[in-house]
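Chemist: So I've got this file, start.cif, and it contains mmCIF, C-alpha atoms:
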```
data_input
loop_
_atom_site.label_atom_id
_atom_site.label_comp_id
_atom_site.auth_asym_id
_atom_site.auth_seq_id
_atom_site.Cartn_x
_atom_site.Cartn_y
_atom_site.Cartn_z
CA MET V 1 93.28 81.67 60.14
CA GLY V 2 96.96 80.89 59.57
CA PRO V 3 99.88 81.71 61.92
CA ALA V 4 100.90 84.77 59.92
CA SER V 5 97.46 86.35 60.00
CA PHE V 6 97.18 85.52 63.73
CA CYS V 7 100.42 87.35 64.49
CA SER V 8 99.23 90.33 62.52
CA ILE V 9 96.35 91.00 64.93
CA LEU V 10 98.58 91.17 68.01
CA ALA V 11 98.93 94.67 69.42
CA PRO V 12 102.38 96.17 68.88
CA PRO V 13 104.53 96.66 72.00
CA SER V 14 103.77 99.85 73.90
CA PRO V 15 106.40 102.62 74.00
CA ILE V 16 107.06 101.79 77.68
CA SER V 17 107.57 98.08 76.89
CA ARG V 18 109.96 98.94 74.06
CA PHE V 19 111.87 101.33 76.28
CA ILE V 20 112.29 98.70 79.02
CA SER V 21 113.32 95.97 76.60
CA ASN V 22 115.97 98.25 75.09
CA GLN V 23 117.59 98.94 78.47
CA PRO V 24 119.48 95.93 79.90
CA TYR V 25 119.31 97.04 83.53
CA LEU V 26 115.60 97.79 83.34
CA SER V 27 115.05 94.36 81.82
CA LEU V 28 116.92 92.90 84.79
CA LEU V 29 114.51 94.72 87.11
CA GLU V 30 111.63 92.90 85.42
CA THR V 31 113.23 89.44 85.19
CA LYS V 32 116.03 88.96 87.73
CA CYS V 33 115.16 91.18 90.69
CA THR V 34 114.08 88.72 93.41
CA THR V 35 115.61 90.29 96.54
CA MET V 36 116.22 93.75 97.93
CA ARG V 37 119.95 93.13 97.46
CA ASN V 38 119.36 92.53 93.73
CA LEU V 39 117.34 95.72 93.60
CA GLN V 40 120.06 97.78 95.28
CA ILE V 41 122.72 96.49 92.85
CA ILE V 42 120.58 97.32 89.82
CA HIS V 43 119.68 100.68 91.37
CA ALA V 44 123.39 101.51 91.65
CA GLN V 45 123.85 100.73 87.96
CA LEU V 46 120.84 102.88 87.02
CA ILE V 47 122.40 105.79 88.92
CA LYS V 48 125.76 105.28 87.14
CA THR V 49 124.14 105.25 83.70
CA GLY V 50 121.87 108.19 84.49
CA LEU V 51 118.75 106.08 83.88
CA ALA V 52 117.62 106.63 87.47
CA ARG V 53 116.54 110.12 86.40
CA ASN V 54 114.21 108.71 83.77
CA THR V 55 110.57 108.71 84.91
CA ILE V 56 109.79 105.23 83.56
CA ALA V 57 112.88 103.74 85.18
CA ALA V 58 112.24 105.54 88.46
CA SER V 59 108.60 104.35 88.48
CA ARG V 60 109.57 100.70 88.02
CA LEU V 61 112.32 100.94 90.61
CA LEU V 62 109.98 102.59 93.12
CA ALA V 63 107.22 100.03 92.60
CA LEU V 64 109.58 97.12 93.26
CA ALA V 65 111.20 98.83 96.24
CA ALA V 66 107.79 99.60 97.76
CA ALA V 67 106.93 95.90 97.69
CA GLY V 68 110.08 94.98 99.62
CA ASP V 69 111.28 97.83 101.86
CA VAL V 70 109.15 100.94 102.30
CA ASN V 71 112.03 102.96 103.78
CA TYR V 72 114.25 102.19 100.80
CA ALA V 73 111.32 103.08 98.56
CA TYR V 74 111.13 106.46 100.28
CA LEU V 75 114.84 107.06 99.55
CA VAL V 76 114.17 106.27 95.89
CA PHE V 77 111.17 108.62 95.92
CA THR V 78 113.17 111.54 97.34
CA GLN V 79 115.57 111.34 94.37
CA ILE V 80 112.78 111.72 91.79
CA GLN V 81 112.65 115.35 90.76
CA LYS V 82 109.18 115.52 89.20
CA PRO V 83 107.04 112.64 90.49
CA ASN V 84 104.04 111.84 88.29
CA LEU V 85 100.66 110.60 89.57
CA PHE V 86 101.73 106.93 89.43
CA ILE V 87 104.79 107.66 91.57
CA TRP V 88 102.80 109.63 94.17
CA ASN V 89 100.16 106.89 94.34
CA THR V 90 102.82 104.19 94.68
CA ILE V 91 104.62 105.78 97.63
CA ILE V 92 101.38 106.79 99.39
CA ARG V 93 99.98 103.26 98.99
CA ALA V 94 103.23 101.73 100.26
CA PHE V 95 103.09 103.71 103.50
CA SER V 96 99.36 103.11 103.97
CA ASN V 97 100.24 99.39 104.08
CA SER V 98 103.20 99.91 106.42
CA SER V 99 103.59 100.22 110.19
CA THR V 100 103.71 104.02 109.80
CA PRO V 101 100.53 104.94 107.88
CA ILE V 102 100.78 108.52 109.16
CA THR V 103 103.55 108.99 106.57
CA ALA V 104 101.03 108.30 103.79
CA ILE V 105 98.97 111.27 105.00
CA SER V 106 102.07 113.46 105.29
CA LEU V 107 103.03 112.59 101.71
CA PHE V 108 99.53 113.44 100.51
CA LEU V 109 99.78 116.88 102.12
CA GLN V 110 103.21 117.30 100.53
CA MET V 111 101.67 116.42 97.18
CA LEU V 112 98.94 119.05 97.60
CA LEU V 113 101.37 121.76 98.67
CA THR V 114 104.38 121.18 96.42
CA SER V 115 103.33 119.26 93.32
CA PRO V 116 101.45 120.38 90.19
CA VAL V 117 100.07 116.82 90.06
CA GLN V 118 96.60 116.55 91.57
CA PRO V 119 95.29 113.43 93.35
CA GLN V 120 92.83 111.28 91.42
CA ARG V 121 90.48 108.40 92.24
CA LEU V 122 93.28 105.84 92.81
CA THR V 123 94.99 108.13 95.33
CA TYR V 124 92.16 108.21 97.87
CA PRO V 125 91.60 104.56 98.91
CA SER V 126 95.12 104.34 100.36
CA LEU V 127 94.55 107.52 102.38
CA PHE V 128 91.25 106.34 103.84
CA LYS V 129 92.99 103.08 104.75
CA ALA V 130 95.71 105.07 106.54
CA TYR V 131 93.13 107.08 108.50
CA SER V 132 91.38 103.81 109.40
CA GLN V 133 94.56 102.21 110.72
CA LEU V 134 95.33 105.31 112.77
CA GLY V 135 91.81 105.53 114.16
CA LEU V 136 91.53 109.08 112.80
CA ALA V 137 88.10 109.01 111.15
CA ARG V 138 87.38 112.50 112.47
CA ASP V 139 90.32 113.81 110.43
CA GLY V 140 89.32 111.56 107.54
CA THR V 141 86.00 113.39 107.23
CA GLN V 142 87.88 116.30 105.63
CA LEU V 143 89.21 113.98 102.96
CA HIS V 144 85.71 112.55 102.52
CA ALA V 145 84.42 116.08 101.91
CA ARG V 146 87.12 116.59 99.26
CA VAL V 147 86.05 113.38 97.53
CA ILE V 148 82.43 114.56 97.47
CA LYS V 149 83.47 117.89 95.95
CA GLN V 150 85.28 115.99 93.19
CA GLY V 151 82.18 113.87 92.57
CA LEU V 152 83.99 110.63 93.42
CA GLN V 153 81.88 109.53 96.39
CA PHE V 154 80.16 106.74 94.44
CA ASP V 155 83.37 105.22 93.10
CA PRO V 156 83.22 101.65 94.48
CA PHE V 157 86.85 101.51 95.64
CA ILE V 158 86.64 104.88 97.36
CA ARG V 159 83.21 104.21 98.85
CA ASN V 160 84.28 100.92 100.41
CA THR V 161 87.40 102.39 101.99
CA VAL V 162 85.39 105.30 103.40
CA ILE V 163 82.84 102.89 104.89
CA ASN V 164 85.70 100.82 106.32
CA MET V 165 87.29 103.91 107.89
CA TYR V 166 84.08 104.98 109.61
CA ALA V 167 83.10 101.45 110.70
CA ASN V 168 86.59 100.54 111.93
CA CYS V 169 86.83 103.75 113.99
CA GLY V 170 83.40 103.35 115.59
CA PHE V 171 81.60 106.00 113.51
CA LEU V 172 78.82 103.53 112.74
CA SER V 173 76.12 106.10 111.99
CA GLU V 174 78.30 107.64 109.26
CA ALA V 175 79.14 104.21 107.85
CA ILE V 176 75.46 103.21 107.82
CA LYS V 177 74.50 106.35 105.88
CA LEU V 178 76.98 105.50 103.13
CA PHE V 179 76.10 101.82 103.15
CA ASP V 180 72.35 102.45 102.83
CA GLU V 181 72.91 104.68 99.80
CA ASP V 182 74.23 101.74 97.82
CA GLU V 183 72.59 98.81 99.59
CA GLY V 184 70.61 97.67 96.59
CA GLU V 185 73.30 97.54 93.94
CA GLY V 186 74.33 93.95 94.59
CA ASP V 187 77.63 94.04 92.70
CA ASP V 188 80.97 92.59 93.81
CA PHE V 189 81.94 95.80 95.57
CA ASP V 190 78.66 95.69 97.47
CA MET V 191 79.85 92.39 98.98
CA VAL V 192 82.87 94.28 100.32
CA SER V 193 80.56 96.89 101.86
CA TRP V 194 78.39 94.25 103.51
CA ASN V 195 81.42 92.50 105.01
CA THR V 196 82.90 95.81 106.16
CA MET V 197 79.69 96.77 107.94
CA ILE V 198 79.40 93.38 109.64
CA MET V 199 83.00 93.59 110.88
CA GLY V 200 82.58 97.17 112.04
CA MET V 201 79.38 96.47 113.95
CA ALA V 202 80.77 93.35 115.59
CA ARG V 203 83.97 95.18 116.55
CA ASN V 204 81.90 97.89 118.24
CA GLY V 205 79.62 95.55 120.18
CA GLU V 206 76.65 95.79 117.79
CA ILE V 207 76.52 92.02 117.30
CA GLU V 208 72.72 91.81 116.92
CA ASN V 209 72.79 94.40 114.12
CA ALA V 210 75.72 92.57 112.55
CA GLN V 211 73.70 89.35 112.62
CA ARG V 212 70.71 91.17 111.07
CA LEU V 213 72.88 92.39 108.19
CA PHE V 214 74.46 88.97 107.81
CA ASP V 215 71.02 87.35 107.51
CA LYS V 216 69.98 89.93 104.87
CA MET V 217 73.03 89.46 102.64
CA PRO V 218 72.05 88.50 99.09
CA SER V 219 75.11 86.24 98.95
CA ARG V 220 77.97 85.42 101.31
CA ASN V 221 81.60 84.52 100.82
CA ALA V 222 84.13 83.01 103.25
CA LEU V 223 85.00 86.46 104.60
CA SER V 224 81.33 87.08 105.45
CA TRP V 225 81.18 83.91 107.53
CA ASN V 226 84.54 84.57 109.16
CA SER V 227 83.51 88.13 110.06
CA MET V 228 80.30 86.95 111.69
CA ILE V 229 81.90 84.02 113.53
CA SER V 230 84.81 86.10 114.85
CA GLY V 231 82.36 88.85 115.81
CA CYS V 232 80.32 86.39 117.89
CA VAL V 233 83.45 85.18 119.70
CA ARG V 234 84.63 88.75 120.28
CA ASN V 235 81.27 89.54 121.91
CA GLY V 236 81.15 86.43 124.10
CA LYS V 237 78.59 84.57 121.96
CA CYS V 238 80.73 81.48 121.59
CA MET V 239 77.92 78.94 121.24
CA GLU V 240 76.41 81.04 118.46
CA ALA V 241 79.82 81.03 116.73
CA LEU V 242 79.91 77.24 116.73
CA GLN V 243 76.33 77.09 115.44
CA LEU V 244 77.26 79.47 112.60
CA PHE V 245 80.10 77.15 111.65
CA GLY V 246 77.57 74.34 111.35
CA GLN V 247 75.52 76.47 108.95
CA MET V 248 78.68 77.38 107.05
CA GLN V 249 79.42 73.70 106.47
CA MET V 250 75.86 73.04 105.33
CA GLU V 251 76.34 75.74 102.67
CA ASN V 252 79.63 74.11 101.60
CA VAL V 253 81.73 77.20 102.29
CA ARG V 254 85.34 76.25 102.97
CA PRO V 255 86.67 77.96 106.13
CA CYS V 256 90.04 79.63 106.23
CA GLU V 257 92.58 79.49 109.05
CA PHE V 258 91.19 82.69 110.58
CA THR V 259 87.78 81.05 110.93
CA MET V 260 89.38 78.06 112.66
CA VAL V 261 91.21 80.35 115.10
CA SER V 262 87.88 81.96 116.05
CA LEU V 263 86.33 78.52 116.54
CA LEU V 264 89.25 77.35 118.67
CA ASN V 265 88.83 80.49 120.79
CA ALA V 266 85.11 79.75 121.11
CA SER V 267 85.85 76.20 122.26
CA ALA V 268 88.38 77.54 124.79
CA CYS V 269 85.83 80.07 126.06
CA LEU V 270 83.22 77.33 126.58
CA GLY V 271 85.71 74.75 127.90
CA ALA V 272 84.38 72.49 125.14
CA LEU V 273 87.27 70.06 124.77
CA LYS V 274 85.50 67.64 122.39
CA GLN V 275 84.54 70.48 120.06
CA GLY V 276 88.09 71.87 120.20
CA GLU V 277 89.58 68.45 119.44
CA TRP V 278 87.21 68.09 116.48
CA ILE V 279 88.32 71.48 115.11
CA HIS V 280 92.00 70.58 115.58
CA ASP V 281 91.36 67.31 113.73
CA TYR V 282 89.54 69.22 110.96
CA ILE V 283 92.60 71.46 110.52
CA ARG V 284 94.84 68.39 110.17
CA LYS V 285 92.56 66.50 107.78
CA ASP V 286 92.01 69.57 105.59
CA ASN V 287 95.80 70.13 105.42
CA MET V 288 95.36 73.75 106.47
CA GLU V 289 98.57 75.69 106.55
CA LEU V 290 99.72 76.22 110.13
CA ASN V 291 101.11 79.53 111.30
CA MET V 292 101.91 81.22 114.62
CA ILE V 293 98.32 82.30 115.21
CA VAL V 294 96.80 78.86 114.54
CA VAL V 295 99.38 77.03 116.67
CA THR V 296 98.88 79.48 119.55
CA ALA V 297 95.09 79.07 119.35
CA ILE V 298 95.39 75.26 119.47
CA VAL V 299 97.75 75.36 122.47
CA ASP V 300 95.56 77.90 124.26
CA MET V 301 92.39 75.87 123.60
CA TYR V 302 93.84 72.66 125.06
CA CYS V 303 95.17 74.46 128.13
CA LYS V 304 91.91 76.31 128.82
CA CYS V 305 89.98 73.07 128.38
CA GLY V 306 92.20 71.35 130.95
CA SER V 307 94.02 69.07 128.51
CA VAL V 308 97.48 70.50 129.18
CA ASP V 309 99.40 67.46 127.95
CA LYS V 310 97.87 67.82 124.49
CA GLY V 311 98.71 71.51 124.55
CA LEU V 312 102.30 70.66 125.46
CA ALA V 313 102.49 68.10 122.65
CA VAL V 314 101.35 70.68 120.08
CA PHE V 315 103.78 73.26 121.48
CA GLU V 316 106.79 70.92 121.42
CA ALA V 317 105.95 69.60 117.93
CA ALA V 318 105.72 73.07 116.41
CA PRO V 319 108.88 74.37 114.73
CA PRO V 320 110.51 77.45 116.32
CA SER V 321 109.27 79.65 113.46
CA MET V 322 105.67 78.94 114.52
CA LYS V 323 106.20 79.56 118.23
CA GLY V 324 105.75 83.27 118.74
CA LEU V 325 105.79 84.99 122.11
CA SER V 326 101.99 84.56 122.38
CA CYS V 327 102.45 80.80 122.07
CA TRP V 328 105.05 80.78 124.87
CA ASN V 329 102.71 82.84 127.03
CA ALA V 330 99.81 80.48 126.32
CA ILE V 331 101.74 77.43 127.53
CA ILE V 332 103.17 79.24 130.61
CA LEU V 333 99.73 80.50 131.66
CA GLY V 334 98.13 77.16 130.83
CA LEU V 335 100.55 75.24 133.05
CA ALA V 336 100.24 77.80 135.86
CA ARG V 337 96.43 77.62 135.86
CA ASN V 338 96.29 73.83 135.75
CA GLY V 339 98.30 73.04 138.88
CA ARG V 340 101.65 72.57 137.12
CA GLU V 341 103.37 75.60 138.52
CA ARG V 342 106.94 74.29 138.49
CA GLU V 343 106.64 73.35 134.82
CA ALA V 344 105.30 76.83 134.09
CA LEU V 345 108.41 78.36 135.66
CA THR V 346 110.62 75.96 133.71
CA PHE V 347 109.04 77.13 130.47
CA PHE V 348 109.50 80.74 131.58
CA SER V 349 113.22 79.99 132.02
CA ARG V 350 113.31 78.43 128.54
CA LEU V 351 111.70 81.59 127.18
CA GLU V 352 114.36 83.73 128.85
CA GLU V 353 117.08 81.58 127.27
CA SER V 354 115.47 81.85 123.84
CA THR V 355 117.25 83.98 121.26
CA GLU V 356 114.05 84.74 119.33
CA HIS V 357 111.93 86.23 122.12
CA LYS V 358 112.10 87.90 125.49
CA PRO V 359 109.38 87.86 128.19
CA ASP V 360 106.73 90.57 128.15
CA GLY V 361 104.14 91.63 130.72
CA VAL V 362 101.91 88.63 129.95
CA SER V 363 104.84 86.23 130.43
CA PHE V 364 105.41 87.65 133.90
CA ILE V 365 101.72 87.33 134.77
CA GLY V 366 102.14 83.61 134.02
CA ALA V 367 105.25 83.33 136.18
CA LEU V 368 103.71 85.30 139.07
CA ALA V 369 100.46 83.33 138.83
CA ALA V 370 102.47 80.10 139.09
CA CYS V 371 104.23 81.44 142.19
CA CYS V 372 100.89 82.52 143.65
CA HIS V 373 99.20 79.13 143.17
CA ALA V 374 102.20 77.27 144.58
CA GLY V 375 102.84 79.70 147.45
CA LEU V 376 106.36 80.49 146.22
CA VAL V 377 106.76 83.89 147.85
CA ASP V 378 110.54 84.28 147.41
CA GLU V 379 110.31 83.39 143.74
CA ALA V 380 107.42 85.82 143.30
CA ARG V 381 109.53 88.65 144.69
CA GLU V 382 112.39 87.69 142.37
CA TYR V 383 110.19 87.63 139.27
CA PHE V 384 108.63 90.97 140.18
CA SER V 385 112.09 92.49 140.60
CA LEU V 386 113.34 90.85 137.37
CA MET V 387 110.39 92.32 135.49
CA THR V 388 110.92 95.88 136.68
CA GLN V 389 114.73 95.96 136.94
CA LYS V 390 116.01 93.88 134.02
CA TYR V 391 113.17 94.09 131.51
CA LYS V 392 111.93 97.58 132.49
CA ILE V 393 108.29 96.47 132.35
CA GLN V 394 105.83 98.69 134.20
CA PRO V 395 103.76 96.46 136.54
CA SER V 396 100.02 96.36 135.87
CA MET V 397 97.19 95.72 138.31
CA LYS V 398 97.41 92.00 137.52
CA HIS V 399 101.11 91.87 138.42
CA TYR V 400 100.48 93.63 141.73
CA GLY V 401 97.48 91.38 142.34
CA CYS V 402 99.56 88.21 142.00
CA LEU V 403 102.30 89.52 144.31
CA ILE V 404 99.84 90.72 146.96
CA ASP V 405 97.87 87.46 146.74
CA VAL V 406 100.91 85.24 147.31
CA LEU V 407 102.07 87.42 150.22
CA GLY V 408 98.61 87.20 151.76
CA ARG V 409 98.42 83.42 151.30
CA VAL V 410 101.59 82.81 153.29
CA GLY V 411 100.59 85.26 156.03
CA MET V 412 103.00 88.08 155.15
CA LEU V 413 100.28 90.69 155.65
CA GLU V 414 102.45 93.67 156.54
CA GLU V 415 104.50 93.31 153.37
CA ALA V 416 101.31 92.87 151.34
CA LYS V 417 99.89 96.07 152.87
CA GLU V 418 103.10 97.91 152.02
CA VAL V 419 102.90 96.77 148.38
CA ILE V 420 99.31 98.08 148.26
CA ARG V 421 100.36 101.45 149.67
CA ARG V 422 103.18 101.75 147.10
CA MET V 423 101.01 100.90 144.10
CA PRO V 424 101.03 103.84 141.65
CA MET V 425 97.50 103.16 140.40
CA LYS V 426 94.08 103.09 142.02
CA ALA V 427 92.91 99.59 142.87
CA ASP V 428 90.15 98.08 140.72
CA GLU V 429 87.13 96.31 142.27
CA VAL V 430 88.76 92.90 142.71
CA MET V 431 92.00 94.37 144.02
CA GLY V 432 90.00 96.65 146.29
CA ILE V 433 88.28 93.71 147.98
CA LEU V 434 91.62 91.91 148.41
CA ALA V 435 93.28 95.06 149.77
CA LEU V 436 90.41 95.71 152.18
CA ARG V 437 90.69 92.21 153.63
CA LEU V 438 94.43 92.58 154.10
CA LEU V 439 94.20 96.05 155.63
CA GLU V 440 91.54 94.84 158.06
CA ALA V 441 93.57 91.78 159.07
#
```
For this file, produce the structure as structure tokens.
Modeler:
Amino acid sequence: MGPASFCSILAPPSPISRFISNQPYLSLLETKCTTMRNLQIIHAQLIKTGLARNTIAASRLLALAAAGDVNYAYLVFTQIQKPNLFIWNTIIRAFSNSSTPITAISLFLQMLLTSPVQPQRLTYPSLFKAYSQLGLARDGTQLHARVIKQGLQFDPFIRNTVINMYANCGFLSEAIKLFDEDEGEGDDFDMVSWNTMIMGMARNGEIENAQRLFDKMPSRNALSWNSMISGCVRNGKCMEALQLFGQMQMENVRPCEFTMVSLLNASACLGALKQGEWIHDYIRKDNMELNMIVVTAIVDMYCKCGSVDKGLAVFEAAPPSMKGLSCWNAIILGLARNGREREALTFFSRLEESTEHKPDGVSFIGALAACCHAGLVDEAREYFSLMTQKYKIQPSMKHYGCLIDVLGRVGMLEEAKEVIRRMPMKADEVMGILALRLLEA
């Protein structure tokens, strides 16, 4: 077949494609819009030319805005006079993926009450995701009932997000009912259902049932292994997590960084330094991409396994962009718990001087624990005051425990008793024993 006849079988451009190609600013949206600033400049030109009122233009603008800044996307949405289904789905999906998923539900209600456009199958997965993130499965049951009335309950995308909502929120019996209905299909979406159920069961302490499902899976992907390994670690079955990793390697499944974080946490839990070192070496040799979570897990593992110098080396070698507050807390706590209290307080001072982070409640537990182990009563008082006065952090039982412990260690029993009397919360079992000893002294 010659070139001419080949060209003749190509589909002609769609009306939307022709419309976009004929509008210079819309073409720029497709080809040159790489930042939110670019988008705002083009948006201003669309408003000047009146194109912003065109549904096609507004849809493209909204889709790009939703990928970069959900609040700006909402401003774009409010200027669209008659949103079509694509526009409603775009803004609802954007907020379901944001830090304020409740807005997705509010927009859905607005759609039902004010728009002639009715939700369709692509509308619902985002809403079930929003309910899942909010932990509102009980409210999500009403949406589930609506889906059933529309005959969409067996749609794979909808089904999987409904199962995820129930499983993530602890409604395991409801999730199991839906899962069992489609257990035998064995398609790609079924893999999503299997993984969702395993994660949901593990998250809710049903690790044996999660393992049973995992063993029954007709096939497994990397997410299946990661879900099972992280579930074991979450439920204190750290040795089982390491054994699963061995099986994973035998099946030639390549782990992701999330799997390695779970394995590092398992090694830290067991105090298994050699295993932790091997995992760290595996990460290096496999050229896995490091991020804040991985770096923090490595530092934490070395500190909990008693190899603080290696933890320090990893911490100092990491660029600032990979040292989140959790990483700072891991090194402060690690030093405090390994007899290097002064260094812990030095790192706390470095954290205070940092422009990227400020100490949180965990940071102060590290500082107070260091003071407690070293018997630094004056410093403990100062840190406690700094926490409440400067940083406005409400002390927890652990903060009070550290302060009372250091006061008791140096024989300042009356002051320790006074702190106990002034505590706004009821003492837990450990604190109760400590308080009883002090009050009887």
Chemist: Assuming 4 Å of padding per side, give the centre and edge lengths of the axis-aligned box around every listed atom of range 167-183 of chain V, in Å to one decimal and as AutoDock Vina command-line options.
Modeler:
```
--center_x 79.6 --center_y 103.2 --center_z 106.7 --size_x 22.5 --size_y 16.8 --size_z 25.8
```
Chemist: Please evaluate the PyMOL selection byres ((chain V and resi 209-213) around 8) against the structure above and give the resulting residues as a list in words.
Modeler: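 Output of the PyMOL selection byres ((chain V and resi 209-213) around 8): Trp194, Met197, Ile198, Met199, Met201, Ala202, Glu206, Ile207, Glu208, Phe214, Asp215, Lys216, Met217 and Met228 of chain V.
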Chemist: Identify all residues satisfying the PyMOL selection byres ((chain V and resi 116) around 12) in the given file; provide them as number ranges by chain.
Modeler: V: 82-85, 88, 110-115, 117-119
Chemist: Could you pull the residues within 9 Å of range 63-71 of chain V, counting all atoms listed in the file, minus those fewer than 3 positions along the same chain, as a ChimeraX atom specification?
Modeler: /V:29,33,35-36,39-40,58-60,74-76,87,90-91,93-95,98
Chemist: Would you compute the distance between CA of Tyr282 in chain V and CA of Cys238 in chain V? Give it in Å to one decimal.
Modeler: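 About the pair CA of Tyr282 in chain V and CA of Cys238 in chain V: they are 18.5 Å apart.
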Chemist: Could you write out as a PyMOL selection string the residues that the PyMOL selection byres ((chain V and resi 338) around 9) matches in the shown file?
Modeler: chain V and resi 303-304+306-308+333-337+339-341
Chemist: Within 8 Å of Val295 in chain V, counting all atoms listed in the file, which residues qualify if same-chain residues fewer than 5 places away don't, as an MDAnalysis selection string?
Modeler: chainID V and resid 290 314:315 318 322:323 327
Chemist: List the neighbours of Ser262 in chain V out to 7 Å using all atoms listed in the file; skip same-chain residues closer than 2 positions along the sequence, and give me the result as a list in words.
Modeler: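 With the cut-off at 7 Å, the set is Ile229, Ser230, Val233, Phe258, Thr259, Met260, Leu264, Asn265 and Ala266 of chain V.
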Chemist: Any chance you could build range 319-338 of chain V out to N, CA and C atoms and write it as a short mmCIF file (atom, residue, chain, number, x, y, z; two decimals), in the frame of the given file?
Modeler:
```
data_model
loop_
_atom_site.label_atom_id
_atom_site.label_comp_id
_atom_site.auth_asym_id
_atom_site.auth_seq_id
_atom_site.Cartn_x
_atom_site.Cartn_y
_atom_site.Cartn_z
N PRO V 319 107.52 73.86 114.97
CA PRO V 319 108.88 74.37 114.73
C PRO V 319 109.05 75.75 115.37
N PRO V 320 110.28 76.15 115.67
CA PRO V 320 110.51 77.45 116.32
C PRO V 320 109.88 78.63 115.57
N SER V 321 109.83 78.54 114.24
CA SER V 321 109.27 79.65 113.46
C SER V 321 107.78 79.85 113.70
N MET V 322 107.11 78.85 114.25
CA MET V 322 105.67 78.94 114.52
C MET V 322 105.36 79.16 115.99
N LYS V 323 106.42 79.31 116.80
CA LYS V 323 106.20 79.56 118.23
C LYS V 323 106.55 81.01 118.54
N GLY V 324 105.56 81.87 118.40
CA GLY V 324 105.75 83.27 118.74
C GLY V 324 105.66 83.46 120.24
N LEU V 325 105.86 84.69 120.68
CA LEU V 325 105.79 84.99 122.11
C LEU V 325 104.42 84.65 122.68
N SER V 326 103.35 84.88 121.91
CA SER V 326 101.99 84.56 122.38
C SER V 326 101.84 83.07 122.66
N CYS V 327 102.51 82.26 121.87
CA CYS V 327 102.45 80.80 122.07
C CYS V 327 103.17 80.41 123.37
N TRP V 328 104.33 81.00 123.60
CA TRP V 328 105.05 80.78 124.87
C TRP V 328 104.18 81.20 126.06
N ASN V 329 103.56 82.36 125.93
CA ASN V 329 102.71 82.84 127.03
C ASN V 329 101.53 81.92 127.28
N ALA V 330 100.96 81.38 126.18
CA ALA V 330 99.81 80.48 126.32
C ALA V 330 100.19 79.23 127.11
N ILE V 331 101.35 78.66 126.83
CA ILE V 331 101.74 77.43 127.53
C ILE V 331 102.14 77.73 128.98
N ILE V 332 102.79 78.87 129.23
CA ILE V 332 103.17 79.24 130.61
C ILE V 332 101.92 79.47 131.45
N LEU V 333 100.98 80.24 130.93
CA LEU V 333 99.73 80.50 131.66
C LEU V 333 98.92 79.22 131.82
N GLY V 334 98.89 78.41 130.76
CA GLY V 334 98.13 77.16 130.83
C GLY V 334 98.64 76.23 131.90
N LEU V 335 99.95 76.09 132.01
CA LEU V 335 100.55 75.24 133.05
C LEU V 335 100.28 75.84 134.44
N ALA V 336 100.43 77.15 134.56
CA ALA V 336 100.24 77.80 135.86
C ALA V 336 98.82 77.63 136.36
N ARG V 337 97.84 77.69 135.46
CA ARG V 337 96.43 77.62 135.86
C ARG V 337 95.92 76.20 136.03
N ASN V 338 96.73 75.23 135.66
CA ASN V 338 96.29 73.83 135.75
C ASN V 338 97.10 73.04 136.77
#
```
